[in-house]
Structures are given as structure tokens and as C-alpha cells.
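Asker: Okay, here's the structure, questions in a sec.
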Amino acid sequence: MTGSMPYVAVAVLFLCGLYMVLFEHNLFKIALGITVMEASANLFLVVLGYRSGGGIPVYTLASREAMVLPTPQALTLTAIVIGLATTALLLSLVVWAYRHYGTLDIQQIRRLRG
Amino acid sequence: MRLDEHLPALLLALPLLGAFSAPLVGKGSRRWVELLLPVLSGLTFAVAAALLHRVSVGGTQLYVMGAERAGLALPSGMSLPIRIVLEVDALSALMAASGSLVAFACALFAVPYMRRFSGFDKFASLYFLLVAGMLGMEVTGDLFNFFVFLEIASVASYGLVAFWRDRPEAIEAGLKYTVVSTVAALMVLFAAGFLYGNHGVLNMAAIASRVDLGVADKVAMALLFGSLAMKAGAVPMHMWLPDAYGEAPSCVSALLVSVSQASLYGLFRTSFSLFGLPRVAPLLGWGLVVLGLLSMFVGVTMAIVQKEIKRLMAYHAISQTGYMLLGVGVGLVASLSPARMESFGLVAIGGALYHVINHAMYKGLLFLTAGAVYYSAGTRMLDQMGGLARNMPKTASLFALAAAAIAGLPPVNGFTSKLLIYQSSYALSPFLAAVGMITSVLTLASFVKIFQSAFLGPALPELSEVREVPAPMLAGMALLALAIAGLSLLPGPVLEHMVMPAARALADRGAYIAAVMGGGM
């Protein structure tokens, strides 16, 4: 029995990520925060589909017992791929920002204002 | 098998084909990519126009990916819509047609405009991905699919905003946009998770038919509403928008206006089709109205103090989005009583949707003229321009047309849609119409200022060598100008055949659900 612990883990991970995005000043840590939030979203989807003691959702292996939902797993795979793309792009932008500004502190990367 | 049954899939397949073939074609020669970009964009527009025609004749088109039917019936008789469907009603088709027309015009403009920079094949690839994402968001009938297309459009636009990576400002704008937009997209994913966990389906019509407004539904509603309003650039979640629009290449800024409108479409679908039950309609409606009023007023007041031409236009884009939010919000509030819906609710929604296509055209044209000025005069600062009408008469007259449209001067299309919004929002509360009119006056003042300082006045000696832009750029701008002329001269037919059917499609929640769930499900 896992109870609602997985959902608590999702919430904790999500809040950690959100805290990092909102309050960190280092661009790299902000990028990390976004990956942590993505991880919490993926965990959320997998947990949604989990059925305690459920079998593998493959037709030929199907037993009469309950099965784990396959759709959220498919969604998670897609979301992981999308997360990979955004993270890669975000990190490359961070690298370029460092080349231009010589710092990763968002308080010093501020030419666009008003 | 007939081709016109497959128009919805073709609409997405063409830009995706372009996105993946552009780098290959680019191995040969840049000229081939320069041919591919406008030709495929033009074909995409043709498909969207054909789809709009088909929907207006034959009603909502339901396209099931990879199967004949949307549902899967179990031996027990239980049936679920499990497949990915594209649901194209009058609203989707109208948005797709307007967005792909802007994409076509910007593609024409981009060919000479981007010639000074390398990497055109990569530009074309990202551009096609952006178009595919935008159109996908507008035609899909599946919530997770909506998230995927939202991310496709977002990832492509991160790359395009930061395309001139040698400019520190472009990288900074790209970073800001990426962080804000990724967080917003994650909220959409969470909302999809909540709704799936609660109802076991991802099809939007199926979710709409099961929504019971329990806690999970309300959380999903709040997440979707907030994140899509953020992606549409509504005040107070607008801070990324002036940076992103201002720093992207002009042909991309013009298209980004339409891409934000795809998020706006998502916001309207969420408010009406997904959650538009009488219990929350006033809350969502007044929420849209408040966002609209804030966006209109804050956007225009911030625009007045700007000195950089594209940043100024970006703030105006925020303020114009406010009109659309206001109109649709008024419609949603009015939807509670059939009598009010008949007397002013539908007019408000129609005005807002008319404003959506008007805005896509004239704001697109404004960004393109700003790009033309930058291309020829080499500056984007208003205080370094002057007397450009002498050397660039065509660009100047196109700018004047678009400026008249955004300011809502009587013969031009912006006037018609704003009048509809004023009339209908006045019926709800005179205060709403007053804010709208004040915003309109300030918009006019701001565009008189740009026209005067950039195009009129004495010729500056350092700008005496400036020439008119090349023909393909003029053709792109002329295409949008033609669309503005058509929308201005024929408001009656446009309203009757395109806009009002879209407004009715948005307001009629039952029809949206029945298109998928009808026939035994």
C-alpha cells in the first residue's frame, strides 16, 4: 500500500522546483528548477495510472486482475522527450547569456527594461 | 478516399514536411529553401482556406487519426473516445485560416529580410515548426495533443526569438520567454493530468461532457486559465511579451502575434467548451473581463512611453488582446440568460473574434513595416528616424493603413470590430465601453507619434541613401494590406459567413460535445 505518499512527493518536488524558479538568482539553478518541475509532472502522470497490485497492460499477457493504466505512461514518455528538448535549449541559452554578459546572475542580465 | 476529407491532417502535415525537409533541402542550396518556405506556406494557407469553406458548408469536421472512428467499444457495450481526434469547427477553421495567411505573408517577407544572415535552412525549419504548432493547437480536439502542439510552438519560438544570438538582448529575451513559457506549459500538462485522473479521458469534448466541477476539475480549470492567459500575454502576466516580440526578427514577431492568439483560442475553449457551466460562467467571464480591462489600459499606457518601434508595437499587441478578452468575457457573462445572449452576448463574442482576425492582419503588417524600416534605415529607435516617407513611399502608405486600422478610424476594419465590442460591453456596463474608448484614443495618439517621427518631417542627412525594400518584402506586406482592405470593405459578408458562425460555435457548448460524443457515445 502506498496510499497518498506519491502525491505528496509530487507536491514537494513541484514546490521545490517552483521555489528555485521564483527565488534563485543563478540562471543555471533556474534551469534546474524547471527540470525538477518537469520531473514532478512526469511522476504525477505515472502515479495517476498506477493501480496497486495491477498487472502489465499488454493484451497477450492480460490476466483477469486489475491492470496499470497504459495511457499515462505513454503521456509521460512524450513529456520526457519534450522536457529534454526544452532543457537542452534552455541550457544552450544559458551558455550564450554567459558569453555575452560574463555572469549567470539574473540581476545583472537586465538590458531590456520598461 | 477523397482528399478533402483529409484536409485537417493535411493542414498539419504540410508545415511538418517543411520543417523536416528544410535542413535537407538546405544541403543543396539556399535558393531552394528560399523557394520552399513561401511555396509550402502558401499551400498551407490554401488548405486552411479550403477547410474553412468545407466547415462553413458541411459543419464541424471530425478527423480521427489512424482509424475510422473516435471510440473503442468494448464487448460490454462501454465506449470511450480514446483516439486522437482533430475537431475543426467554425472557430478553429477561422483561426487556422487567419494564422496561416499571416504565416504566408511573413514567409514572403522573410526571404529577402533574412538574406543578410546565415542559417536560413534552420530558420525555415523552426518557422515551419512554429506554424505547425500554432495550427495544431487550433484544430486539435485532444487535451494532451494540445499540450504537445503548445510545446512544439513554444520550442520553435524560443529558437526564433533568440535567432540573432550575437545580440545579448535577443538571448536575454529568449531566456525570459523560455522560462515563463515552459512553466506555463507544465501547468497545462498538470491540468491534463488532473482531468485525466478524474474522468479517464483526454478528448476535450468527452471531458466537457463529464465535468462536474469537483475539486480536481476546479484545480485544472485554474491551471489552464492562468497558464493560457500567460501565454496569450494578458496583463499582469505580460512581462515576457514586449521582450520576445521586440527582439525576434520582424517576420517572426508578426507571426508570434498569431501564435499568441492560438493560446487565446485555447483560453476561450477552456472557458466556454470545457468548463462553461452556469455555475462558473460568471466567475470565468468576469475574470476575462478584468484581464481584458487591465491589458487594454496597462498595455497602451506602457506603449506611449516607448522609444523603440517594435517594443512599442508589442505593448500595443497586449492592449489589443485586451479588447478580445473583454468581448469574449462579456459574452460569457451574458450566456447565463438566453435573452441577454441574444441581445448582446453573441455580438460581443462576434466582435471579439472579428477583432482577433483584424488584429492578426494589422499587427502583422505593422511588425513587417517596422522590419522594412529596420532593413532599409538600419535603426529601430524612433528618435533616429525621420522623413522616411520620401524614400520609402510604399512602406509609409502601408504603415498608414495598418495604423489607421489599429487606432479604429472609421472606414478601416479595426473600427468595425471595436464598435461591436463597445456596443455590447456598454449593455453590460458603460464603464467597460469607456475604458475601451479611452484606450482607442491613446492608441491613435501613439501611432500618430510614430508616423510623424519616422515617416514625416525633414529628411535626415544620414538617411538620404535609404531605398525602398525589395519586391518580395513588399508582396508580403501587400498581402496583409489586401486582407485588411477586404475585411474593411466587406464587413457584412465577413461577419455573416465567417465571424458569427465562429461565435455561435464557441457559444454552443452542446454542439462541441455532440460532434464527438454523438452517435452512441
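How things are named: the first chain in the C-alpha cells is A, the next is B, and so on; residues count from 1 in each chain; ligands count from 1 in the order shown.
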Please return, as a PDB file with N, CA and C atoms, in the first residue's frame, all residues of chain B lying within 7 Å of chain A when only C-alpha atoms are considered.

Answerer:
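File result-v4.pdb, as written:
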ATOM      1  N   VAL B 155       8.810  25.695 -28.294  1.00  0.00           N
ATOM      2  CA  VAL B 155      10.223  25.393 -28.526  1.00  0.00           C
ATOM      3  C   VAL B 155      10.700  26.087 -29.793  1.00  0.00           C
ATOM      4  N   PRO B 168      23.138  40.404 -27.359  1.00  0.00           N
ATOM      5  CA  PRO B 168      22.854  39.998 -25.976  1.00  0.00           C
ATOM      6  C   PRO B 168      21.369  40.142 -25.639  1.00  0.00           C
ATOM      7  N   GLU B 169      20.732  41.176 -26.173  1.00  0.00           N
ATOM      8  CA  GLU B 169      19.317  41.401 -25.844  1.00  0.00           C
ATOM      9  C   GLU B 169      18.450  40.249 -26.335  1.00  0.00           C
ATOM     10  N   ILE B 171      19.303  37.099 -26.663  1.00  0.00           N
ATOM     11  CA  ILE B 171      19.475  35.954 -25.767  1.00  0.00           C
ATOM     12  C   ILE B 171      18.695  36.189 -24.474  1.00  0.00           C
ATOM     13  N   GLU B 172      18.770  37.409 -23.966  1.00  0.00           N
ATOM     14  CA  GLU B 172      18.068  37.720 -22.714  1.00  0.00           C
ATOM     15  C   GLU B 172      16.560  37.552 -22.890  1.00  0.00           C
ATOM     16  N   LEU B 175      15.711  33.843 -23.120  1.00  0.00           N
ATOM     17  CA  LEU B 175      15.750  33.184 -21.816  1.00  0.00           C
ATOM     18  C   LEU B 175      14.491  33.453 -21.012  1.00  0.00           C
ATOM     19  N   THR B 178      11.623  31.658 -22.498  1.00  0.00           N
ATOM     20  CA  THR B 178      11.695  30.211 -22.304  1.00  0.00           C
ATOM     21  C   THR B 178      11.251  29.821 -20.894  1.00  0.00           C
ATOM     22  N   LEU B 186       3.978  23.522 -18.432  1.00  0.00           N
ATOM     23  CA  LEU B 186       3.897  22.467 -17.408  1.00  0.00           C
ATOM     24  C   LEU B 186       2.557  22.519 -16.681  1.00  0.00           C
ATOM     25  N   PHE B 190      -0.079  19.545 -16.131  1.00  0.00           N
ATOM     26  CA  PHE B 190      -0.687  19.176 -14.846  1.00  0.00           C
ATOM     27  C   PHE B 190      -2.212  19.173 -14.960  1.00  0.00           C
ATOM     28  N   GLY B 193      -3.315  16.161 -16.565  1.00  0.00           N
ATOM     29  CA  GLY B 193      -3.238  15.052 -15.626  1.00  0.00           C
ATOM     30  C   GLY B 193      -4.422  15.021 -14.677  1.00  0.00           C
ATOM     31  N   GLY B 197      -7.058  12.036 -14.556  1.00  0.00           N
ATOM     32  CA  GLY B 197      -7.238  11.275 -13.333  1.00  0.00           C
ATOM     33  C   GLY B 197      -8.681  11.259 -12.874  1.00  0.00           C
ATOM     34  N   ASP B 243       9.612  41.918 -24.626  1.00  0.00           N
ATOM     35  CA  ASP B 243      10.984  41.491 -24.912  1.00  0.00           C
ATOM     36  C   ASP B 243      11.009  40.535 -26.099  1.00  0.00           C
TER      37      ASP B 243
END

Asker: Could you tell me, as an mmCIF file with N, CA and C atoms, in the first residue's frame, which residues of range 33-76 of chain A DSSP assigns to helix (DSSP H, G or I) when given the backbone?

Answerer:
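Contents of the output file result15.cif:
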data_model
loop_
_atom_site.group_PDB
_atom_site.id
_atom_site.type_symbol
_atom_site.label_atom_id
_atom_site.label_comp_id
_atom_site.auth_asym_id
_atom_site.auth_seq_id
_atom_site.Cartn_x
_atom_site.Cartn_y
_atom_site.Cartn_z
ATOM 1 N N GLY A 33 15.632 24.129 -11.664
ATOM 2 C CA GLY A 33 14.298 24.187 -11.074
ATOM 3 C C GLY A 33 13.245 23.735 -12.059
ATOM 4 N N ILE A 34 13.407 24.155 -13.319
ATOM 5 C CA ILE A 34 12.434 23.756 -14.333
ATOM 6 C C ILE A 34 12.475 22.255 -14.560
ATOM 7 N N THR A 35 13.675 21.659 -14.566
ATOM 8 C CA THR A 35 13.738 20.196 -14.741
ATOM 9 C C THR A 35 13.104 19.488 -13.552
ATOM 10 N N VAL A 36 13.268 20.028 -12.348
ATOM 11 C CA VAL A 36 12.636 19.397 -11.184
ATOM 12 C C VAL A 36 11.116 19.458 -11.323
ATOM 13 N N MET A 37 10.596 20.618 -11.809
ATOM 14 C CA MET A 37 9.148 20.707 -12.009
ATOM 15 C C MET A 37 8.674 19.716 -13.061
ATOM 16 N N GLU A 38 9.480 19.567 -14.126
ATOM 17 C CA GLU A 38 9.121 18.588 -15.151
ATOM 18 C C GLU A 38 9.077 17.183 -14.568
ATOM 19 N N ALA A 39 10.056 16.881 -13.704
ATOM 20 C CA ALA A 39 10.085 15.553 -13.088
ATOM 21 C C ALA A 39 8.836 15.332 -12.252
ATOM 22 N N SER A 40 8.403 16.389 -11.544
ATOM 23 C CA SER A 40 7.209 16.218 -10.719
ATOM 24 C C SER A 40 5.980 15.980 -11.598
ATOM 25 N N ALA A 41 5.913 16.653 -12.757
ATOM 26 C CA ALA A 41 4.773 16.429 -13.658
ATOM 27 C C ALA A 41 4.781 14.995 -14.165
ATOM 28 N N ASN A 42 5.979 14.479 -14.522
ATOM 29 C CA ASN A 42 6.053 13.107 -15.020
ATOM 30 C C ASN A 42 5.667 12.101 -13.945
ATOM 31 N N LEU A 43 6.149 12.341 -12.726
ATOM 32 C CA LEU A 43 5.807 11.458 -11.618
ATOM 33 C C LEU A 43 4.302 11.463 -11.391
ATOM 34 N N PHE A 44 3.722 12.658 -11.480
ATOM 35 C CA PHE A 44 2.273 12.800 -11.294
ATOM 36 C C PHE A 44 1.514 11.914 -12.277
ATOM 37 N N LEU A 45 1.928 11.973 -13.551
ATOM 38 C CA LEU A 45 1.218 11.194 -14.573
ATOM 39 C C LEU A 45 1.353 9.692 -14.311
ATOM 40 N N VAL A 46 2.560 9.261 -13.953
ATOM 41 C CA VAL A 46 2.746 7.823 -13.728
ATOM 42 C C VAL A 46 1.932 7.360 -12.526
ATOM 43 N N VAL A 47 1.940 8.174 -11.471
ATOM 44 C CA VAL A 47 1.210 7.807 -10.258
ATOM 45 C C VAL A 47 -0.292 7.717 -10.541
ATOM 46 N N LEU A 48 -0.782 8.615 -11.399
ATOM 47 C CA LEU A 48 -2.204 8.596 -11.746
ATOM 48 C C LEU A 48 -2.613 7.245 -12.324
ATOM 49 N N GLY A 49 -1.711 6.672 -13.135
ATOM 50 C CA GLY A 49 -2.081 5.438 -13.821
ATOM 51 C C GLY A 49 -1.818 4.192 -13.005
ATOM 52 N N TYR A 59 -1.843 -6.839 -24.034
ATOM 53 C CA TYR A 59 -3.013 -7.656 -24.309
ATOM 54 C C TYR A 59 -2.723 -9.146 -24.144
ATOM 55 N N THR A 60 -1.545 -9.579 -24.694
ATOM 56 C CA THR A 60 -1.266 -11.018 -24.664
ATOM 57 C C THR A 60 -0.941 -11.502 -23.262
ATOM 58 N N LEU A 61 -0.521 -10.601 -22.378
ATOM 59 C CA LEU A 61 -0.205 -11.006 -21.014
ATOM 60 C C LEU A 61 -1.377 -10.759 -20.065
ATOM 61 N N THR A 71 -2.170 4.558 -20.706
ATOM 62 C CA THR A 71 -2.142 5.894 -21.325
ATOM 63 C C THR A 71 -1.196 6.867 -20.615
ATOM 64 N N PRO A 72 -1.263 6.976 -19.268
ATOM 65 C CA PRO A 72 -0.361 7.942 -18.632
ATOM 66 C C PRO A 72 1.104 7.641 -18.885
ATOM 67 N N GLN A 73 1.447 6.353 -19.060
ATOM 68 C CA GLN A 73 2.844 6.032 -19.329
ATOM 69 C C GLN A 73 3.256 6.553 -20.698
ATOM 70 N N ALA A 74 2.327 6.414 -21.658
ATOM 71 C CA ALA A 74 2.612 6.951 -22.991
ATOM 72 C C ALA A 74 2.756 8.473 -22.919
ATOM 73 N N LEU A 75 1.872 9.105 -22.138
ATOM 74 C CA LEU A 75 1.954 10.567 -21.986
ATOM 75 C C LEU A 75 3.292 10.956 -21.384
ATOM 76 N N THR A 76 3.722 10.183 -20.358
ATOM 77 C CA THR A 76 4.971 10.524 -19.681
ATOM 78 C C THR A 76 6.148 10.455 -20.632
#

Asker: So how many Å separate CA of Ala19 in chain B and CA of Leu126 in chain B, to one decimal?

Answerer: 6.6 Å

Asker: For a test of reading the model, state the distance in Å between CA of Asn391 in chain B and CA of Gly457 in chain B, rounded to one decimal.

Answerer: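 Calculated distance between CA of Asn391 in chain B and CA of Gly457 in chain B is 12.5 Å.
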
Asker: Counting only C-alpha atoms, what is within 8 Å of Arg509 in chain B, bar same-chain residues fewer than 5 positions away, as a PyMOL selection string?

Answerer: chain B and resi 272-273+276

Asker: Have a look at CA of Leu86 in chain B and CA of Leu37 in chain B and let me know their distance in Å, one decimal.

Answerer: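 These two atoms are separated by 25.2 Å.
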
Asker: What's around Gln306 in chain B at 10 Å? Count only C-alpha atoms, leave out sequence neighbours fewer than 3 positions away in its own chain, and write the answer as a list of chain:residue names.

Answerer: A:Gly114, B:Thr301, B:Met302, B:Ala303, B:Ile309, B:Lys310, B:Arg311, B:Leu312, B:Met313, B:Tyr315, B:Met381, B:Leu382, B:Ser446

Asker: Do you know which residues are at most 10 Å from His25 in chain A counting only C-alpha atoms, after dropping those on the same chain fewer than 5 positions away, and could you put them as JSON, numbers by chain?

Answerer: {"A": [20, 30, 104, 105, 106, 107, 108]}
